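A.B. asks: Structure file input-v9.pdb (PDB, C-alpha atoms) is given on the next line.
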```
ATOM      1  CA  GLY V   1    -107.720 -17.853 127.321
ATOM      2  CA  GLU V   2    -106.632 -16.207 130.535
ATOM      3  CA  ASP V   3    -103.457 -18.297 130.553
ATOM      4  CA  GLY V   4    -102.497 -17.127 127.081
ATOM      5  CA  ARG V   5    -103.507 -20.443 125.480
ATOM      6  CA  LEU V   6    -104.823 -20.429 121.933
ATOM      7  CA  VAL V   7    -106.369 -23.499 120.346
ATOM      8  CA  LEU V   8    -106.588 -23.268 116.563
ATOM      9  CA  TRP V   9    -108.336 -25.452 114.048
ATOM     10  CA  ALA V  10    -106.463 -25.014 110.810
ATOM     11  CA  SER V  11    -106.441 -26.789 107.482
ATOM     12  CA  GLU V  12    -103.504 -26.876 105.113
ATOM     13  CA  ALA V  13    -105.178 -24.244 102.951
ATOM     14  CA  SER V  14    -105.853 -21.826 105.795
ATOM     15  CA  ALA V  15    -102.605 -22.316 107.712
ATOM     16  CA  SER V  16    -100.571 -19.481 106.217
ATOM     17  CA  GLY V  17    -103.285 -16.872 106.699
ATOM     18  CA  THR V  18    -104.170 -18.070 110.181
ATOM     19  CA  LEU V  19    -100.600 -18.181 111.414
ATOM     20  CA  GLY V  20     -99.866 -14.862 109.748
ATOM     21  CA  LEU V  21    -102.161 -13.229 112.266
ATOM     22  CA  LEU V  22     -99.726 -14.219 115.005
ATOM     23  CA  ALA V  23     -96.709 -12.539 113.433
ATOM     24  CA  HIS V  24     -96.965  -9.475 115.675
ATOM     25  CA  ASN V  25     -98.870 -11.065 118.550
ATOM     26  CA  SER V  26     -97.406 -10.553 122.014
ATOM     27  CA  THR V  27    -100.003 -12.291 124.196
ATOM     28  CA  VAL V  28    -100.333 -15.901 122.993
ATOM     29  CA  ALA V  29     -98.091 -18.050 125.175
ATOM     30  CA  ARG V  30     -99.449 -21.501 124.312
ATOM     31  CA  LEU V  31    -100.373 -22.476 120.785
ATOM     32  CA  ASP V  32    -102.277 -25.749 120.387
ATOM     33  CA  LEU V  33    -102.398 -26.973 116.782
ATOM     34  CA  ALA V  34    -102.753 -30.651 117.648
ATOM     35  CA  CYS V  35    -104.967 -32.960 115.576
ATOM     36  CA  ASN V  36    -105.420 -30.615 112.649
ATOM     37  CA  LYS V  37    -104.781 -31.163 108.948
ATOM     38  CA  LEU V  38    -101.444 -29.442 108.650
ATOM     39  CA  LEU V  39     -99.071 -30.711 105.991
ATOM     40  CA  THR V  40     -96.028 -29.175 104.287
ATOM     41  CA  GLN V  41     -97.436 -25.695 103.715
ATOM     42  CA  GLY V  42     -98.659 -25.357 107.271
ATOM     43  CA  ALA V  43     -95.375 -26.622 108.700
ATOM     44  CA  VAL V  44     -93.355 -24.183 106.602
ATOM     45  CA  ALA V  45     -95.569 -21.286 107.655
ATOM     46  CA  LEU V  46     -95.188 -22.224 111.306
ATOM     47  CA  ALA V  47     -91.415 -22.608 110.978
ATOM     48  CA  GLU V  48     -91.191 -19.170 109.377
ATOM     49  CA  LEU V  49     -93.237 -17.730 112.223
ATOM     50  CA  LEU V  50     -90.824 -19.171 114.772
ATOM     51  CA  VAL V  51     -87.658 -18.179 112.952
ATOM     52  CA  GLY V  52     -88.994 -14.715 112.208
ATOM     53  CA  GLY V  53     -89.693 -13.990 115.874
ATOM     54  CA  GLY V  54     -93.476 -13.977 115.565
ATOM     55  CA  ALA V  55     -95.753 -14.812 118.493
ATOM     56  CA  MET V  56     -93.203 -13.235 120.787
ATOM     57  CA  ALA V  57     -94.670 -14.585 124.037
ATOM     58  CA  LEU V  58     -94.873 -18.203 122.838
ATOM     59  CA  VAL V  59     -93.532 -20.776 125.321
ATOM     60  CA  ASP V  60     -95.548 -23.896 124.433
ATOM     61  CA  LEU V  61     -96.266 -25.302 120.957
ATOM     62  CA  ASP V  62     -98.067 -28.531 120.088
ATOM     63  CA  VAL V  63     -98.484 -29.948 116.580
ATOM     64  CA  ARG V  64     -99.038 -33.601 117.471
ATOM     65  CA  GLY V  65    -101.627 -35.412 115.409
ATOM     66  CA  ASN V  66    -100.806 -33.719 112.108
ATOM     67  CA  ALA V  67     -99.428 -35.442 109.018
ATOM     68  CA  ILE V  68     -96.294 -33.297 108.745
ATOM     69  CA  GLU V  69     -93.442 -35.287 107.256
ATOM     70  CA  GLY V  70     -90.002 -35.173 105.664
ATOM     71  CA  ALA V  71     -88.121 -31.942 105.128
ATOM     72  CA  ALA V  72     -91.026 -29.854 106.426
ATOM     73  CA  ALA V  73     -91.025 -31.784 109.716
ATOM     74  CA  ALA V  74     -87.261 -31.357 110.017
ATOM     75  CA  ALA V  75     -87.455 -27.613 109.334
ATOM     76  CA  LEU V  76     -90.227 -27.113 111.876
ATOM     77  CA  ALA V  77     -88.367 -29.127 114.523
ATOM     78  CA  GLU V  78     -85.155 -27.174 114.012
ATOM     79  CA  ALA V  79     -87.031 -23.880 114.182
ATOM     80  CA  ALA V  80     -88.726 -24.922 117.428
ATOM     81  CA  VAL V  81     -85.592 -26.218 119.140
ATOM     82  CA  GLY V  82     -83.663 -23.141 118.085
ATOM     83  CA  ARG V  83     -86.371 -20.741 119.190
ATOM     84  CA  ALA V  84     -85.261 -18.818 122.295
ATOM     85  CA  GLY V  85     -87.907 -18.880 125.004
ATOM     86  CA  LEU V  86     -89.851 -21.877 123.687
ATOM     87  CA  ARG V  87     -90.077 -24.244 126.647
ATOM     88  CA  THR V  88     -92.077 -27.165 125.302
ATOM     89  CA  MET V  89     -92.677 -28.614 121.853
ATOM     90  CA  CYS V  90     -95.079 -31.520 121.336
ATOM     91  CA  GLY V  91     -95.056 -32.143 125.079
ATOM     92  CA  MET V  92     -91.250 -32.299 125.312
ATOM     93  CA  PRO V  93     -89.295 -29.920 127.579
ATOM     94  CA  VAL V  94     -87.049 -28.674 124.778
ATOM     95  CA  GLN V  95     -85.586 -25.733 126.674
ATOM     96  CA  SER V  96     -84.554 -27.825 129.680
ATOM     97  CA  ILE V  97     -82.970 -30.494 127.476
ATOM     98  CA  ARG V  98     -81.214 -27.915 125.332
ATOM     99  CA  ASP V  99     -79.891 -26.192 128.453
ATOM    100  CA  ASN V 100     -78.631 -29.520 129.857
ATOM    101  CA  GLU V 101     -80.929 -29.462 132.870
ATOM    102  CA  ILE V 102     -82.316 -32.976 132.271
ATOM    103  CA  VAL V 103     -80.446 -36.266 132.560
ATOM    104  CA  GLU V 104     -83.332 -38.761 132.252
ATOM    105  CA  LEU V 105     -86.589 -38.150 130.381
ATOM    106  CA  ASP V 106     -89.529 -40.567 130.453
ATOM    107  CA  LEU V 107     -92.292 -39.790 127.941
ATOM    108  CA  TYR V 108     -93.751 -43.293 127.882
ATOM    109  CA  GLY V 109     -97.506 -43.324 127.416
ATOM    110  CA  GLN V 110     -97.898 -39.697 126.430
ATOM    111  CA  ALA V 111     -99.606 -38.629 123.208
ATOM    112  CA  PRO V 112     -97.507 -39.818 120.233
ATOM    113  CA  ILE V 113     -94.981 -37.179 119.144
ATOM    114  CA  GLY V 114     -95.015 -38.305 115.520
ATOM    115  CA  VAL V 115     -92.508 -37.531 112.775
ATOM    116  CA  VAL V 116     -92.092 -33.920 113.891
ATOM    117  CA  GLY V 117     -91.390 -35.080 117.426
ATOM    118  CA  ALA V 118     -88.759 -37.521 116.171
ATOM    119  CA  HIS V 119     -87.026 -34.650 114.393
ATOM    120  CA  VAL V 120     -87.261 -32.586 117.587
ATOM    121  CA  VAL V 121     -85.535 -35.411 119.484
ATOM    122  CA  ALA V 122     -82.804 -35.516 116.836
ATOM    123  CA  ALA V 123     -82.286 -31.751 116.987
ATOM    124  CA  LEU V 124     -82.027 -31.945 120.777
ATOM    125  CA  LEU V 125     -79.524 -34.808 120.654
ATOM    126  CA  TRP V 126     -77.191 -32.622 118.605
ATOM    127  CA  ARG V 127     -77.275 -30.048 121.391
ATOM    128  CA  SER V 128     -77.548 -32.000 124.643
ATOM    129  CA  THR V 129     -74.457 -32.979 126.611
ATOM    130  CA  SER V 130     -76.307 -34.238 129.695
ATOM    131  CA  LEU V 131     -79.118 -36.543 128.523
ATOM    132  CA  THR V 132     -78.298 -40.190 129.275
ATOM    133  CA  GLY V 133     -81.748 -41.812 129.148
ATOM    134  CA  LEU V 134     -84.803 -41.230 126.962
ATOM    135  CA  ASP V 135     -87.957 -43.365 126.911
ATOM    136  CA  LEU V 136     -90.255 -42.854 123.926
ATOM    137  CA  GLY V 137     -91.976 -46.216 124.214
ATOM    138  CA  GLY V 138     -95.472 -46.247 122.782
ATOM    139  CA  HIS V 139     -94.832 -43.319 120.441
ATOM    140  CA  GLU V 140     -95.435 -43.468 116.708
ATOM    141  CA  LEU V 141     -92.367 -41.921 115.063
ATOM    142  CA  THR V 142     -92.803 -42.968 111.433
ATOM    143  CA  HIS V 143     -96.440 -42.181 110.589
ATOM    144  CA  GLY V 144     -97.316 -45.830 110.341
ATOM    145  CA  GLY V 145     -94.120 -46.688 108.503
ATOM    146  CA  LYS V 146     -94.727 -44.072 105.794
ATOM    147  CA  ASP V 147     -91.934 -41.706 106.816
ATOM    148  CA  SER V 148     -88.789 -42.766 108.650
ATOM    149  CA  SER V 149     -87.005 -39.425 108.196
ATOM    150  CA  GLY V 150     -87.273 -38.594 111.894
ATOM    151  CA  LEU V 151     -85.902 -41.970 112.952
ATOM    152  CA  ARG V 152     -83.040 -41.570 110.508
ATOM    153  CA  ALA V 153     -82.346 -38.096 111.895
ATOM    154  CA  ILE V 154     -82.047 -39.616 115.383
ATOM    155  CA  LEU V 155     -79.600 -42.176 114.015
ATOM    156  CA  GLU V 156     -77.541 -39.432 112.351
ATOM    157  CA  ALA V 157     -77.308 -37.513 115.622
ATOM    158  CA  LEU V 158     -76.111 -40.643 117.419
ATOM    159  CA  THR V 159     -73.520 -41.695 114.825
ATOM    160  CA  ALA V 160     -72.110 -38.354 113.695
ATOM    161  CA  PRO V 161     -68.338 -37.757 113.630
ATOM    162  CA  ALA V 162     -66.796 -37.379 117.079
ATOM    163  CA  GLY V 163     -67.340 -34.015 118.651
ATOM    164  CA  THR V 164     -70.404 -33.131 116.576
ATOM    165  CA  GLY V 165     -73.112 -35.614 117.535
ATOM    166  CA  ASN V 166     -74.454 -36.921 120.820
ATOM    167  CA  CYS V 167     -71.950 -38.713 123.042
ATOM    168  CA  THR V 168     -73.975 -39.092 126.242
ATOM    169  CA  LEU V 169     -77.208 -40.989 125.504
ATOM    170  CA  ARG V 170     -76.857 -44.573 126.753
ATOM    171  CA  ARG V 171     -80.472 -45.727 126.984
ATOM    172  CA  LEU V 172     -82.924 -44.939 124.208
ATOM    173  CA  SER V 173     -86.289 -46.725 124.182
ATOM    174  CA  LEU V 174     -88.290 -46.230 120.996
ATOM    175  CA  THR V 175     -90.868 -49.040 121.277
ATOM    176  CA  ASP V 176     -92.689 -51.069 123.921
ATOM    177  CA  LYS V 177     -90.091 -53.845 123.708
ATOM    178  CA  GLU V 178     -88.241 -54.596 126.930
ATOM    179  CA  LEU V 179     -84.650 -54.571 125.699
ATOM    180  CA  PRO V 180     -81.641 -54.998 128.023
ATOM    181  CA  LEU V 181     -80.337 -51.522 127.174
ATOM    182  CA  GLU V 182     -78.982 -50.684 130.620
ATOM    183  CA  GLU V 183     -77.218 -54.038 130.846
ATOM    184  CA  ILE V 184     -75.651 -53.555 127.404
ATOM    185  CA  SER V 185     -74.435 -49.998 127.923
ATOM    186  CA  GLY V 186     -73.406 -50.692 131.506
ATOM    187  CA  ASP V 187     -71.314 -53.768 130.680
ATOM    188  CA  GLY V 188     -73.613 -56.037 132.645
ATOM    189  CA  VAL V 189     -74.025 -58.725 129.994
ATOM    190  CA  SER V 190     -71.819 -60.597 127.527
ATOM    191  CA  GLU V 191     -74.416 -62.348 125.351
ATOM    192  CA  VAL V 192     -77.632 -60.775 124.092
ATOM    193  CA  ARG V 193     -80.133 -63.165 122.523
ATOM    194  CA  LEU V 194     -83.166 -61.494 120.990
ATOM    195  CA  ALA V 195     -84.150 -63.936 118.257
ATOM    196  CA  SER V 196     -87.816 -63.889 117.164
ATOM    197  CA  ALA V 197     -88.560 -60.872 119.342
ATOM    198  CA  GLU V 198     -90.495 -58.877 116.713
ATOM    199  CA  LEU V 199     -87.770 -56.219 116.711
ATOM    200  CA  ALA V 200     -88.193 -53.359 114.219
ATOM    201  CA  ASP V 201     -85.885 -50.608 112.975
ATOM    202  CA  GLU V 202     -86.591 -48.521 116.057
ATOM    203  CA  ASP V 203     -85.240 -51.340 118.207
ATOM    204  CA  GLY V 204     -82.155 -51.607 116.016
ATOM    205  CA  VAL V 205     -81.425 -47.928 116.588
ATOM    206  CA  ALA V 206     -81.964 -48.350 120.331
ATOM    207  CA  LEU V 207     -79.610 -51.339 120.491
ATOM    208  CA  ALA V 208     -76.982 -49.490 118.481
ATOM    209  CA  CYS V 209     -77.208 -46.545 120.852
ATOM    210  CA  ALA V 210     -76.460 -48.813 123.822
ATOM    211  CA  LEU V 211     -73.747 -50.764 122.012
ATOM    212  CA  ARG V 212     -71.751 -47.571 121.558
ATOM    213  CA  PHE V 213     -70.793 -47.772 125.229
ATOM    214  CA  SER V 214     -70.440 -51.531 125.663
ATOM    215  CA  SER V 215     -67.116 -53.263 126.196
ATOM    216  CA  SER V 216     -68.605 -56.539 127.439
ATOM    217  CA  VAL V 217     -71.106 -57.730 124.805
ATOM    218  CA  THR V 218     -69.425 -60.363 122.650
ATOM    219  CA  ALA V 219     -72.460 -62.077 121.083
ATOM    220  CA  LEU V 220     -75.649 -60.594 119.633
ATOM    221  CA  ASP V 221     -78.377 -62.776 118.157
ATOM    222  CA  LEU V 222     -81.073 -60.875 116.270
ATOM    223  CA  THR V 223     -82.245 -63.624 113.925
ATOM    224  CA  ASP V 224     -85.841 -63.805 112.702
ATOM    225  CA  ASN V 225     -86.858 -60.236 113.497
ATOM    226  CA  LYS V 226     -88.130 -57.349 111.388
ATOM    227  CA  LEU V 227     -85.011 -55.218 111.093
ATOM    228  CA  GLY V 228     -84.832 -53.301 107.838
ATOM    229  CA  LEU V 229     -82.610 -50.647 106.319
ATOM    230  CA  LEU V 230     -82.323 -48.256 109.259
ATOM    231  CA  GLY V 231     -82.081 -50.858 111.991
ATOM    232  CA  THR V 232     -79.270 -52.671 110.221
ATOM    233  CA  LEU V 233     -77.552 -49.434 109.223
ATOM    234  CA  ALA V 234     -77.539 -48.367 112.870
ATOM    235  CA  LEU V 235     -75.758 -51.569 113.877
ATOM    236  CA  ALA V 236     -73.307 -51.330 110.997
ATOM    237  CA  ARG V 237     -72.328 -47.808 111.954
ATOM    238  CA  VAL V 238     -71.554 -48.507 115.579
ATOM    239  CA  LEU V 239     -69.579 -51.608 114.595
ATOM    240  CA  THR V 240     -67.444 -49.731 112.065
ATOM    241  CA  PRO V 241     -64.202 -48.088 113.237
ATOM    242  CA  PRO V 242     -63.914 -44.335 112.651
ATOM    243  CA  ALA V 243     -62.267 -43.598 109.322
ATOM    244  CA  GLY V 244     -61.749 -40.162 107.884
ATOM    245  CA  GLY V 245     -64.295 -38.592 110.200
ATOM    246  CA  THR V 246     -67.169 -40.548 108.650
ATOM    247  CA  SER V 247     -68.236 -42.525 111.704
ATOM    248  CA  THR V 248     -68.669 -42.052 115.389
ATOM    249  CA  GLU V 249     -65.801 -42.187 117.845
ATOM    250  CA  LEU V 250     -68.153 -44.138 120.097
ATOM    251  CA  TRP V 251     -68.033 -47.522 118.401
ATOM    252  CA  ASN V 252     -68.224 -51.068 119.665
ATOM    253  CA  GLN V 253     -65.026 -53.110 119.717
ATOM    254  CA  SER V 254     -66.133 -56.046 121.853
ATOM    255  CA  LEU V 255     -68.685 -57.813 119.623
ATOM    256  CA  ARG V 256     -67.406 -61.056 118.092
ATOM    257  CA  SER V 257     -70.590 -62.802 116.999
ATOM    258  CA  LEU V 258     -73.547 -61.186 115.217
ATOM    259  CA  HIS V 259     -76.497 -63.055 113.704
ATOM    260  CA  LEU V 260     -79.046 -61.251 111.523
ATOM    261  CA  GLY V 261     -80.607 -64.013 109.465
ATOM    262  CA  GLY V 262     -84.326 -63.851 108.844
ATOM    263  CA  ASN V 263     -84.588 -60.055 108.882
ATOM    264  CA  ARG V 264     -85.792 -57.625 106.236
ATOM    265  CA  VAL V 265     -82.359 -56.706 104.925
ATOM    266  CA  GLY V 266     -82.337 -58.950 101.892
ATOM    267  CA  ALA V 267     -83.252 -56.014  99.639
ATOM    268  CA  HIS V 268     -80.203 -54.048 100.775
ATOM    269  CA  PRO V 269     -77.115 -55.986  99.625
ATOM    270  CA  ALA V 270     -74.800 -52.973  99.987
ATOM    271  CA  LEU V 271     -75.780 -52.650 103.617
ATOM    272  CA  SER V 272     -75.403 -56.357 104.212
ATOM    273  CA  GLY V 273     -71.981 -56.062 102.625
ATOM    274  CA  ILE V 274     -70.838 -53.611 105.284
ATOM    275  CA  LEU V 275     -71.428 -56.206 107.965
ATOM    276  CA  MET V 276     -70.002 -59.070 105.944
ATOM    277  CA  ARG V 277     -66.831 -57.113 105.107
ATOM    278  CA  LYS V 278     -66.385 -56.374 108.791
ATOM    279  CA  ALA V 279     -66.672 -60.078 109.495
ATOM    280  CA  HIS V 280     -63.620 -60.670 107.300
ATOM    281  CA  THR V 281     -61.548 -57.608 108.163
ATOM    282  CA  SER V 282     -62.298 -56.327 111.680
ATOM    283  CA  SER V 283     -62.127 -57.546 115.247
ATOM    284  CA  ALA V 284     -62.660 -61.200 114.314
ATOM    285  CA  LEU V 285     -66.392 -60.548 114.078
ATOM    286  CA  SER V 286     -68.368 -63.576 112.973
ATOM    287  CA  CYS V 287     -71.590 -62.757 111.118
ATOM    288  CA  GLY V 288     -74.378 -65.249 110.730
ATOM    289  CA  PRO V 289     -76.594 -65.172 107.611
ATOM    290  CA  VAL V 290     -77.567 -61.618 106.733
ATOM    291  CA  HIS V 291     -79.885 -62.051 103.785
ATOM    292  CA  SER V 292     -83.432 -63.231 104.354
ATOM    293  CA  GLY V 293     -84.844 -63.267 100.869
ATOM    294  CA  SER V 294     -88.018 -61.576 102.177
TER     295      SER V 294
END
```
Hey, can you dump this file as structure tokens for me?
C.D. replies:
Amino acid sequence: GEDGRLVLWASEASASGTLGLLAHNSTVARLDLACNKLLTQGAVALAELLVGGGAMALVDLDVRGNAIEGAAAAALAEAAVGRAGLRTMCGMPVQSIRDNEIVELDLYGQAPIGVVGAHVVAALLWRSTSLTGLDLGGHELTHGGKDSSGLRAILEALTAPAGTGNCTLRRLSLTDKELPLEEISGDGVSEVRLASAELADEDGVALACALRFSSSVTALDLTDNKLGLLGTLALARVLTPPAGGTSTELWNQSLRSLHLGGNRVGAHPALSGILMRKAHTSSALSCGPVHSGS
């Protein structure tokens, strides 16, 4: 098009050849690959194009609506975020976030960014020192629960050893749930009761993100929700003091009462043990039942 926009329909089988044509292209500024059938092979080919300096004029790339998952999604996200000159990826202003020009970003209601988008968010969190609020409500980050690698990558960026991960993000919305994130991170509440609120792992990560900054929350009731491995792991990490550079320096020291009964953590006894050990050894934390048997 006249604006340098190229819309491609590519299958997994044709991706390498199609994208190869762009290796020496200097006119395509916007590449729309949304809602295709790209999988691992297509993602790898696109990542190689970005890393290799192909499509030199590219400023906008969209791969939403493809079933790219796992390591391929992570590689593509890292290539996009690290690509000099790329302004937007999957509708997100990656250059502005990377350059610390954005403090609050609201993407609620936009086309779902998917697993690749979740990995893009994680890659940006490693780099950003200005972003304090991010709303991704309404987005599908796990491909219908099939791949939580992007969500885990976000958690890793938030709970990395001090000085390496993100230390600024206070409010992270990952679902449509109305959670008191600002009140928690801003020390505006002492008791948070969210029993039977249909909370999922995404909500656990969001709560953990806010709890990193809280010095006022003393009681947290999350009984009878749908928290699983990642949601509970997120909470465990921000409630665990730094030791040997294995946890975040931003950790919660105020919480005294935590109830997790009736969640989906019964299949993860080691993870439950982290919380139970803390109940007996740290900060006088009292844990309610952790196992659900479901």
A.B. asks: Name the residues, using the chain letters and numbers of the file, that sit within 12 Å of (-86.8, -52.3, 117.6) when counting all atoms listed in the file, and give them as number ranges by chain.
C.D. replies: V: 136-138, 151, 172-181, 194-209, 222, 225-228, 230-232, 234-235, 263
A.B. asks: Run the PyMOL selection byres ((chain V and resi 116) around 9) against the file shown and list the residues it catches, as a compact mmCIF listing (two decimals) with C-alpha atoms, in the coordinates of the input.
C.D. replies:
```
# COMPACT_ATOMS: atom_id res chain seq x y z
CA VAL V 63 -98.48 -29.95 116.58
CA ARG V 64 -99.04 -33.60 117.47
CA ASN V 66 -100.81 -33.72 112.11
CA ALA V 67 -99.43 -35.44 109.02
CA ILE V 68 -96.29 -33.30 108.74
CA GLU V 69 -93.44 -35.29 107.26
CA GLY V 70 -90.00 -35.17 105.66
CA ALA V 72 -91.03 -29.85 106.43
CA ALA V 73 -91.02 -31.78 109.72
CA ALA V 74 -87.26 -31.36 110.02
CA LEU V 76 -90.23 -27.11 111.88
CA ALA V 77 -88.37 -29.13 114.52
CA CYS V 90 -95.08 -31.52 121.34
CA ILE V 113 -94.98 -37.18 119.14
CA GLY V 114 -95.02 -38.30 115.52
CA VAL V 115 -92.51 -37.53 112.78
CA GLY V 117 -91.39 -35.08 117.43
CA ALA V 118 -88.76 -37.52 116.17
CA HIS V 119 -87.03 -34.65 114.39
CA VAL V 120 -87.26 -32.59 117.59
CA VAL V 121 -85.54 -35.41 119.48
CA LEU V 141 -92.37 -41.92 115.06
CA GLY V 150 -87.27 -38.59 111.89
```
A.B. asks: Using only C-alpha atoms, which residue out of V:Thr168, V:Val51, V:Arg264, V:Lys37 lies closest to Ala13 (chain V)?
C.D. replies: V:Lys37
A.B. asks: Measuring between all atoms listed in the file, which one of V:Leu233, V:Ala84, V:Asp224, V:Leu250 shows the shortest distance to Asn166 (chain V)?
C.D. replies: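 For Asn166 (chain V), the nearest of the given residues is V:Leu250.
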A.B. asks: I need the residue nearest Gly91 (chain V) from this list: V:Asp135, V:Asp221, V:Asp60, V:Glu183. Use all atoms listed in the file for the distance.
C.D. replies: V:Asp60
A.B. asks: Quick one: residues within 12 Å of (-78.6, -40.8, 132.9) (file frame), counting only C-alpha atoms, please, as a ChimeraX atom specification.
C.D. replies: /V:100-106,129-135,168-172,182,185-186
A.B. asks: Please write the residues picked by the PyMOL selection byres ((chain V and resi 12) around 6) on this file as a list in words.
C.D. replies: Ser11, Ala13, Ser14, Ala15, Lys37, Leu38, Leu39 and Gly42 of chain V
A.B. asks: Between V:Val59, V:Gly262, V:Thr159, V:Asn252, which residue has the minimum interatomic distance to Asp187 (chain V), considering only C-alpha atoms?
C.D. replies: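 Of V:Val59, V:Gly262, V:Thr159, V:Asn252, the one nearest Asp187 (chain V), counting only C-alpha atoms, is V:Asn252.
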A.B. asks: Pick out the closest residue to Gly53 (chain V) from this set: V:Cys167, V:Glu191, V:Gln41, V:Gly20. Count all atoms listed in the file.
C.D. replies: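 When distances to Gly53 (chain V) are compared using all atoms listed in the file, the smallest one comes from V:Gly20.
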A.B. asks: Given the choices V:Thr18, V:Thr240, V:Asn36, V:Thr218, which gets closest to Leu258 (chain V) if the distance is worked out from all atoms listed in the file?
C.D. replies: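 Using all atoms listed in the file, the shortest distance to Leu258 (chain V) belongs to V:Thr218.
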A.B. asks: The PyMOL selection byres ((chain V and resi 124) around 8) on the file shown: which residues, as a tab-separated table (two decimals) with C-alpha atoms, keeping the file's coordinate frame?
C.D. replies:
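Output below, filename part-v3.tsv:
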```tsv
chain	number	residue	atom	x	y	z
V	81	VAL	CA	-85.59	-26.22	119.14
V	94	VAL	CA	-87.05	-28.67	124.78
V	97	ILE	CA	-82.97	-30.49	127.48
V	98	ARG	CA	-81.21	-27.92	125.33
V	120	VAL	CA	-87.26	-32.59	117.59
V	121	VAL	CA	-85.54	-35.41	119.48
V	122	ALA	CA	-82.80	-35.52	116.84
V	123	ALA	CA	-82.29	-31.75	116.99
V	125	LEU	CA	-79.52	-34.81	120.65
V	126	TRP	CA	-77.19	-32.62	118.60
V	127	ARG	CA	-77.28	-30.05	121.39
V	128	SER	CA	-77.55	-32.00	124.64
```
A.B. asks: When you draw a straight line from CA of Ser149 (chain V) to CA of Gly65 (chain V), how long is it in Å?
C.D. replies: 16.8 Å
A.B. asks: At what distance in Å, to one decimal, does CA of Ala160 (chain V) lie from CA of Ala43 (chain V)?
C.D. replies: 26.5 Å
A.B. asks: For CA of Cys35 (chain V) and CA of Gly52 (chain V), determine how far apart the two atoms are, in Å to one decimal place.
C.D. replies: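 Between CA of Cys35 (chain V) and CA of Gly52 (chain V) the gap works out to 24.5 Å.
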A.B. asks: Mind giving me the axis-aligned box for region 202-220 of chain V with 3 Å on every side, centre plus edges in Å to one decimal, as JSON?
C.D. replies:
```
{"center_x": -76.9, "center_y": -54.3, "center_z": 121.7, "size_x": 25.5, "size_y": 21.5, "size_z": 17.4}
```
A.B. asks: Since the input is missing atoms for region 257-261 of chain V, could you rebuild it with all heavy atoms and give the result as a PDB file, keeping the file's coordinate frame?
C.D. replies:
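Output saved as result_30.pdb:
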```
ATOM      1  N   SER V 257     -69.617 -61.948 117.683  1.00  0.00           N
ATOM      2  CA  SER V 257     -70.590 -62.802 116.999  1.00  0.00           C
ATOM      3  C   SER V 257     -71.896 -62.041 116.810  1.00  0.00           C
ATOM      4  O   SER V 257     -72.480 -61.566 117.783  1.00  0.00           O
ATOM      5  CB  SER V 257     -70.842 -64.075 117.824  1.00  0.00           C
ATOM      6  OG  SER V 257     -71.878 -64.851 117.243  1.00  0.00           O
ATOM      7  N   LEU V 258     -72.325 -61.916 115.555  1.00  0.00           N
ATOM      8  CA  LEU V 258     -73.547 -61.186 115.217  1.00  0.00           C
ATOM      9  C   LEU V 258     -74.362 -62.007 114.235  1.00  0.00           C
ATOM     10  O   LEU V 258     -73.864 -62.409 113.182  1.00  0.00           O
ATOM     11  CB  LEU V 258     -73.206 -59.827 114.603  1.00  0.00           C
ATOM     12  CG  LEU V 258     -74.371 -59.023 114.027  1.00  0.00           C
ATOM     13  CD1 LEU V 258     -75.351 -58.642 115.133  1.00  0.00           C
ATOM     14  CD2 LEU V 258     -73.864 -57.784 113.320  1.00  0.00           C
ATOM     15  N   HIS V 259     -75.621 -62.271 114.577  1.00  0.00           N
ATOM     16  CA  HIS V 259     -76.497 -63.055 113.704  1.00  0.00           C
ATOM     17  C   HIS V 259     -77.734 -62.237 113.344  1.00  0.00           C
ATOM     18  O   HIS V 259     -78.460 -61.774 114.211  1.00  0.00           O
ATOM     19  CB  HIS V 259     -76.894 -64.360 114.391  1.00  0.00           C
ATOM     20  CG  HIS V 259     -75.742 -65.301 114.576  1.00  0.00           C
ATOM     21  ND1 HIS V 259     -75.373 -66.227 113.624  1.00  0.00           N
ATOM     22  CD2 HIS V 259     -74.848 -65.430 115.587  1.00  0.00           C
ATOM     23  CE1 HIS V 259     -74.313 -66.905 114.053  1.00  0.00           C
ATOM     24  NE2 HIS V 259     -73.978 -66.435 115.242  1.00  0.00           N
ATOM     25  N   LEU V 260     -77.950 -62.086 112.028  1.00  0.00           N
ATOM     26  CA  LEU V 260     -79.046 -61.251 111.523  1.00  0.00           C
ATOM     27  C   LEU V 260     -79.944 -61.987 110.540  1.00  0.00           C
ATOM     28  O   LEU V 260     -80.761 -61.367 109.874  1.00  0.00           O
ATOM     29  CB  LEU V 260     -78.478 -59.998 110.835  1.00  0.00           C
ATOM     30  CG  LEU V 260     -77.895 -58.917 111.746  1.00  0.00           C
ATOM     31  CD1 LEU V 260     -77.125 -57.899 110.922  1.00  0.00           C
ATOM     32  CD2 LEU V 260     -79.002 -58.236 112.518  1.00  0.00           C
ATOM     33  N   GLY V 261     -79.796 -63.261 110.416  1.00  0.00           N
ATOM     34  CA  GLY V 261     -80.607 -64.013 109.465  1.00  0.00           C
ATOM     35  C   GLY V 261     -82.098 -63.889 109.746  1.00  0.00           C
ATOM     36  O   GLY V 261     -82.522 -63.778 110.889  1.00  0.00           O
TER      37      GLY V 261
END
```
